[in-house]
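Structure file run.csv (CSV, C-alpha atoms and all ligand atoms) follows.
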```
chain,number,residue,atom,x,y,z
U,356,MET,CA,0.4,47.1,20.4
U,357,GLY,CA,-0.3,48.9,23.6
U,358,THR,CA,1.1,52.2,24.6
U,359,GLU,CA,4.5,53.7,25.3
U,360,GLY,CA,6.0,52.7,28.7
U,361,PRO,CA,6.0,55.0,31.7
U,362,SER,CA,8.7,57.6,31.9
U,363,ARG,CA,11.7,56.8,34.0
U,364,HIS,CA,11.1,59.1,36.9
U,365,LEU,CA,7.8,57.4,37.8
U,366,ARG,CA,8.3,54.8,40.5
U,367,TRP,CA,5.7,52.2,41.4
U,368,ASP,CA,6.6,52.4,45.1
U,369,ASP,CA,6.0,56.1,45.2
U,370,GLU,CA,3.1,56.3,47.6
U,371,SER,CA,2.2,59.8,46.5
U,372,LEU,CA,0.8,58.3,43.3
U,373,GLY,CA,-2.7,56.7,43.2
U,374,VAL,CA,-2.9,53.0,43.7
U,375,ARG,CA,-4.1,52.4,40.1
U,376,LYS,CA,-1.1,54.2,38.7
U,377,ARG,CA,1.2,52.4,41.0
U,378,VAL,CA,-0.3,49.0,40.1
U,379,ALA,CA,0.1,49.9,36.4
U,380,LEU,CA,3.7,50.8,37.0
U,381,TRP,CA,4.4,47.7,39.0
U,382,LEU,CA,2.9,45.5,36.2
U,383,SER,CA,5.0,47.4,33.6
U,384,ARG,CA,8.3,47.4,35.5
U,385,GLU,CA,8.3,44.4,37.8
U,386,VAL,CA,6.1,41.9,35.9
U,387,GLY,CA,6.7,42.9,32.3
U,388,ASP,CA,4.4,42.3,29.3
U,389,GLY,CA,3.5,38.7,28.7
U,390,ASN,CA,4.6,37.5,32.1
U,391,VAL,CA,2.7,35.7,34.9
U,392,PHE,CA,2.1,37.0,38.4
U,393,THR,CA,0.0,36.0,41.3
U,394,MET,CA,-2.4,37.9,43.6
U,395,ASP,CA,0.0,37.1,46.5
U,396,GLN,CA,2.8,38.8,44.7
U,397,LEU,CA,0.6,41.8,44.1
U,398,ARG,CA,-0.4,41.9,47.7
U,399,GLU,CA,3.2,41.6,48.8
U,400,ALA,CA,4.1,44.6,46.7
U,401,PHE,CA,1.2,46.7,48.1
U,402,PRO,CA,0.8,45.6,51.7
U,403,GLY,CA,-2.2,47.0,53.4
U,404,VAL,CA,-3.8,48.3,50.2
U,405,ALA,CA,-7.4,47.1,50.1
U,406,GLN,CA,-9.3,45.9,47.0
U,407,LEU,CA,-6.4,45.2,44.7
U,408,ASP,CA,-8.6,43.1,42.5
U,409,ARG,CA,-10.7,46.2,42.0
U,410,ARG,CA,-7.6,48.1,40.8
U,411,LEU,CA,-7.0,45.3,38.3
U,412,ARG,CA,-10.6,45.7,37.1
U,413,ASP,CA,-10.1,49.5,36.8
U,414,LEU,CA,-7.1,48.8,34.6
U,415,ARG,CA,-9.0,46.4,32.5
U,416,ASN,CA,-11.6,49.1,31.9
U,417,ASP,CA,-8.7,51.3,30.7
U,418,GLY,CA,-7.8,48.7,28.1
U,419,TRP,CA,-5.2,46.7,30.1
U,420,VAL,CA,-5.2,43.0,29.2
U,421,ILE,CA,-4.8,40.9,32.3
U,422,ASP,CA,-5.7,37.3,31.7
U,423,THR,CA,-6.9,34.9,34.3
U,424,ALA,CA,-7.2,31.1,34.3
U,425,ARG,CA,-10.8,31.6,33.1
U,426,SER,CA,-9.7,33.4,29.9
U,427,ASP,CA,-6.4,31.5,29.5
U,428,SER,CA,-6.4,27.8,30.3
U,429,SER,CA,-2.6,27.6,30.5
U,430,LEU,CA,-2.7,29.6,33.7
U,431,HIS,CA,-3.2,28.1,37.2
U,432,PRO,CA,-6.2,29.3,39.1
U,433,ASN,CA,-4.0,31.6,41.2
U,434,GLU,CA,-2.1,33.0,38.3
U,435,MET,CA,-2.7,36.0,36.0
U,436,ARG,CA,-0.9,37.1,32.9
U,437,PHE,CA,-0.1,40.7,32.3
U,438,ALA,CA,-0.7,40.4,28.5
U,439,ALA,CA,-0.7,44.0,27.3
U,440,ARG,CA,-0.7,47.6,28.5
U,441,GLY,CA,-3.7,49.7,27.9
U,442,LEU,CA,-4.1,53.4,28.4
U,443,PRO,CA,-1.1,55.1,30.0
U,444,VAL,CA,-2.9,55.7,33.3
U,445,TRP,CA,0.2,57.2,34.9
U,446,GLU,CA,-0.4,60.3,32.7
U,447,SER,CA,-2.9,62.6,34.2
U,448,SER,CA,-4.2,63.8,30.9
U,449,VAL,CA,-5.7,60.5,29.7
U,450,ARG,CA,-9.0,60.9,28.0
U,451,PHE,CA,-11.5,58.1,28.4
U,452,PRO,CA,-15.3,58.1,28.4
U,453,ARG,CA,-15.8,58.5,32.0
U,454,ARG,CA,-19.1,58.5,33.7
U,455,GLY,CA,-20.9,61.6,32.6
U,456,SER,CA,-18.6,62.3,29.6
U,457,ALA,CA,-20.1,63.5,26.4
U,458,LEU,CA,-18.8,60.5,24.4
U,459,ARG,CA,-20.2,58.0,26.9
U,460,ASP,CA,-23.6,59.8,26.8
U,461,GLU,CA,-23.5,59.7,23.0
U,462,VAL,CA,-22.9,55.9,23.0
U,463,LEU,CA,-25.7,55.3,25.5
U,464,LYS,CA,-28.1,57.5,23.6
U,465,ARG,CA,-27.2,55.8,20.2
U,466,ASP,CA,-27.9,52.4,21.8
U,467,GLY,CA,-31.2,53.5,23.3
U,468,PHE,CA,-29.9,53.3,26.9
U,469,ALA,CA,-30.2,49.5,26.7
U,470,CYS,CA,-27.6,46.7,26.6
U,471,THR,CA,-27.0,45.9,23.0
U,472,HIS,CA,-26.4,42.2,23.9
U,473,CYS,CA,-29.4,41.3,26.1
U,474,GLY,CA,-31.7,44.4,25.8
U,475,LEU,CA,-31.9,45.3,29.4
U,476,SER,CA,-32.4,49.0,29.9
U,477,VAL,CA,-31.7,51.1,32.9
U,478,ALA,CA,-34.1,53.4,34.7
U,479,GLU,CA,-33.7,57.1,34.2
U,480,ALA,CA,-33.5,57.5,37.9
U,481,PRO,CA,-31.1,54.7,39.0
U,482,SER,CA,-31.2,55.7,42.6
U,483,SER,CA,-34.9,54.8,42.9
U,484,ALA,CA,-34.6,51.6,40.9
U,485,PRO,CA,-33.0,48.2,41.7
U,486,ALA,CA,-29.4,48.5,40.9
U,487,GLU,CA,-29.1,45.2,39.0
U,488,VAL,CA,-29.1,46.9,35.6
U,489,VAL,CA,-25.9,48.9,35.3
U,490,LEU,CA,-25.0,50.1,31.8
U,491,GLU,CA,-21.4,50.3,30.8
U,492,VAL,CA,-19.8,51.6,27.7
U,493,ALA,CA,-17.2,49.2,26.3
U,494,HIS,CA,-14.7,49.0,23.5
U,495,ILE,CA,-15.5,46.5,20.8
U,496,THR,CA,-11.7,46.1,20.0
U,497,SER,CA,-9.8,46.9,23.1
U,498,LEU,CA,-7.5,50.0,23.1
U,499,ALA,CA,-4.6,47.6,23.9
U,500,ALA,CA,-5.4,45.6,20.7
U,501,GLY,CA,-5.3,48.8,18.7
U,502,GLY,CA,-9.0,49.7,18.8
U,503,SER,CA,-10.0,53.3,18.5
U,504,GLY,CA,-11.4,55.4,21.2
U,505,GLY,CA,-14.1,56.7,18.9
U,506,LEU,CA,-17.9,56.2,18.8
U,507,GLU,CA,-17.8,53.5,16.2
U,508,ASN,CA,-15.6,51.2,18.4
U,509,MET,CA,-17.9,51.6,21.4
U,510,ILE,CA,-20.9,49.7,22.5
U,511,THR,CA,-23.4,49.8,25.4
U,512,LEU,CA,-23.4,46.6,27.6
U,513,CYS,CA,-25.0,45.8,30.9
U,514,ALA,CA,-22.4,44.9,33.6
U,515,ASN,CA,-23.4,41.2,33.3
U,516,CYS,CA,-23.0,41.0,29.5
U,517,HIS,CA,-19.8,43.1,29.7
U,518,ARG,CA,-18.2,40.6,32.1
U,519,LEU,CA,-19.5,37.7,30.0
U,520,LEU,CA,-18.1,39.1,26.8
U,521,ASP,CA,-14.8,40.1,28.4
U,522,HIS,CA,-14.2,36.4,29.1
U,523,ALA,CA,-15.3,35.2,25.7
U,524,LYS,CA,-12.7,34.4,23.1
U,525,PRO,CA,-12.4,37.0,20.3
U,526,VAL,CA,-14.5,36.2,17.3
U,527,ASP,CA,-13.5,36.2,13.6
U,528,PRO,CA,-15.7,36.5,10.5
U,529,ASP,CA,-15.6,32.8,9.7
U,530,SER,CA,-16.9,31.8,13.1
U,531,VAL,CA,-19.8,34.3,12.6
U,532,LEU,CA,-20.6,32.9,9.2
U,533,GLN,CA,-20.5,29.4,10.6
U,534,GLN,CA,-23.0,30.4,13.2
U,535,VAL,CA,-25.2,32.0,10.6
U,536,ASP,CA,-25.1,28.8,8.6
U,537,ASP,CA,-26.7,26.9,11.5
U,538,LEU,CA,-29.7,29.3,11.6
U,539,SER,CA,-33.1,28.6,10.1
U,540,GLU,CA,-34.2,30.6,7.0
U,541,ASP,CA,-36.4,32.9,9.2
U,542,GLU,CA,-33.7,33.5,11.7
U,543,ARG,CA,-31.2,34.3,9.0
U,544,SER,CA,-33.6,36.9,7.5
U,545,LEU,CA,-34.2,38.4,11.0
U,546,LEU,CA,-30.4,38.6,11.5
U,547,LEU,CA,-29.9,40.3,8.2
U,548,ALA,CA,-32.5,42.9,9.1
U,549,TRP,CA,-30.6,43.6,12.4
U,550,MET,CA,-27.4,43.8,10.4
U,551,VAL,CA,-28.9,46.3,7.9
U,552,LEU,CA,-30.4,48.4,10.8
U,553,ASP,CA,-27.1,48.0,12.6
U,554,GLN,CA,-29.3,47.5,15.7
U,555,ARG,CA,-31.3,44.8,17.3
U,556,PRO,CA,-34.8,46.0,17.9
U,557,PHE,CA,-36.3,44.4,20.9
U,558,SER,CA,-39.6,42.7,20.7
U,559,PRO,CA,-42.6,43.7,22.8
U,560,VAL,CA,-42.0,40.8,25.2
U,561,GLU,CA,-38.4,41.8,25.6
U,562,ARG,CA,-39.3,45.4,26.2
U,563,ALA,CA,-41.9,44.3,28.8
U,564,TRP,CA,-39.2,42.2,30.5
U,565,ALA,CA,-36.7,45.1,30.5
U,566,ALA,CA,-39.4,47.4,32.0
U,567,TYR,CA,-40.4,44.8,34.6
U,568,ARG,CA,-36.7,44.5,35.6
U,569,ARG,CA,-36.8,48.2,36.5
U,570,LEU,CA,-39.4,47.7,39.2
U,571,ARG,CA,-38.6,47.6,42.9
U,572,PRO,CA,-38.6,44.0,44.3
U,573,ALA,CA,-42.0,44.4,46.0
U,574,GLU,CA,-43.5,45.8,42.8
U,575,ARG,CA,-42.0,43.0,40.8
U,576,LYS,CA,-43.7,40.5,43.1
U,577,ALA,CA,-47.1,42.2,42.7
U,578,VAL,CA,-46.7,42.3,38.9
U,579,THR,CA,-45.6,38.7,38.7
U,580,ARG,CA,-48.7,37.7,40.8
U,581,ARG,CA,-51.0,39.7,38.4
U,582,VAL,CA,-49.4,38.1,35.3
U,583,ALA,CA,-49.6,34.6,36.8
U,584,GLU,CA,-53.3,35.1,37.4
U,585,ALA,CA,-53.8,36.4,33.9
U,586,VAL,CA,-51.9,33.5,32.4
U,587,ARG,CA,-53.8,31.0,34.5
U,588,ASP,CA,-57.2,32.4,33.8
U,589,GLN,CA,-56.4,33.4,30.2
U,590,ILE,CA,-57.6,37.0,30.9
U,591,PRO,CA,-56.2,40.3,29.8
U,592,LEU,CA,-54.5,42.3,32.5
U,593,TYR,CA,-56.0,45.6,31.2
U,594,GLY,CA,-59.0,46.5,29.1
U,595,GLY,CA,-60.7,43.2,29.6
U,596,THR,CA,-64.3,42.9,30.8
H,601,ZN,ZN,-26.8,42.7,28.8
```

So that I can check it, write out the structure of this file as structure tokens.
Ligand SMILES: [Zn+2]
Amino acid sequence: MGTEGPSRHLRWDDESLGVRKRVALWLSREVGDGNVFTMDQLREAFPGVAQLDRRLRDLRNDGWVIDTARSDSSLHPNEMRFAARGLPVWESSVRFPRRGSALRDEVLKRDGFACTHCGLSVAEAPSSAPAEVVLEVAHITSLAAGGSGGLENMITLCANCHRLLDHAKPVDPDSVLQQVDDLSEDERSLLLAWMVLDQRPFSPVERAWAAYRRLRPAERKAVTRRVAEAVRDQIPLYGGT
């Protein structure tokens, strides 16, 4: 799958283009789909350009598939494989749910501003909260693999889960059913309820955890101390006598 190649007049060594575009062009022209390259080769092509690994991450966010030794065991640790093109980032009219876009907001709202994988939610005012919870909107099936750019193919994940799931092997229905087979009867009923709801409602303890994670470090320490005392003395934190 993937997208059409860049038009001929675009050159990867044209310094008037942005680095992300140039790296995408370099991968398409110099490396070629399915071929292996190293970070050193990339650095050689873009001498003096900082944070090239960040450019690769940007491209991954735009659906480009660039495997590392972590996701593809046939690769050496210093090798990467340019597996598939994603969005044609060399075009200036590419539409993608950017920060603040209506589609991104819609996905976040639908998912209750919480990671659908672990349940962590983000503070409404991120500037005043610890920055560890960063919500991202991801494609379930990557654009490069033919996934749609619509709401139904999008999911809210925290940055940690996003990274985790990006490096996980793709799943197929049989492997899901196999995992379900290993569950207890209660767990299976619970899972079915989530499936029917098409949502995983988080339990009170998970909500408390997510809220706790939104506190500033000093506040967290104070709250942890209070909870430790309550647990030790078996007393309620509030409303007790
Ligand atoms: Zn998460």

Problem set entry | Of the listed residues U:Cys473, U:Leu547, U:Val420, U:Val578, that which approaches ligand ZN 601 (chain H) most closely, counting all atoms listed in the file | U:Cys473

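Neighbouring residues of ligand ZN 601 (chain H) at a cut-off of 9 Å, counting only C-alpha atoms and all ligand atoms, are Ala469, Cys470, Thr471, His472, Cys473, Gly474, Leu475, Ser476, Val488, Leu490, Thr511, Leu512, Cys513, Ala514, Asn515, Cys516, His517 and Leu519 of chain U.
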
Problem set entry | Within 8 Å of U:Leu411 using all atoms listed in the file, minus same-chain residues under 6 positions, as a PyMOL selection string | chain U and resi 375+378+421

Do you have, as CSV, the list of residues of stretch 470-544 of chain U lying at most 9 Å from stretch 438-447 of chain U, each with its nearest atom pair and that distance in Å to one decimal, counting all atoms listed in the file and ordered by chain then number?
```
residue,atom,partner,partner_atom,distance
U:Ser497,CA,U:Gly441,CA,8.3
U:Leu498,CA,U:Gly441,CA,6.1
U:Ala499,CA,U:Gly441,CA,4.6
U:Ala500,CA,U:Ala439,CA,8.3
```

Expected file contents, prior selection, C-alpha atoms, as a compact mmCIF listing (two decimals), keeping the file's coordinate frame:
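Here's the written file out21.txt:
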```txt
# COMPACT_ATOMS: atom_id res chain seq x y z
CA SER U 497 -9.80 46.90 23.10
CA LEU U 498 -7.50 50.00 23.10
CA ALA U 499 -4.60 47.60 23.90
CA ALA U 500 -5.40 45.60 20.70
```

For this session: Identify, on the basis of only C-alpha atoms, every residue whose closest approach to U:His522 does not exceed 8 Å; exclude the query and any residue fewer than 3 positions from it along the same chain; express the result as a ChimeraX atom specification.
Result: /U:425-426,518-519
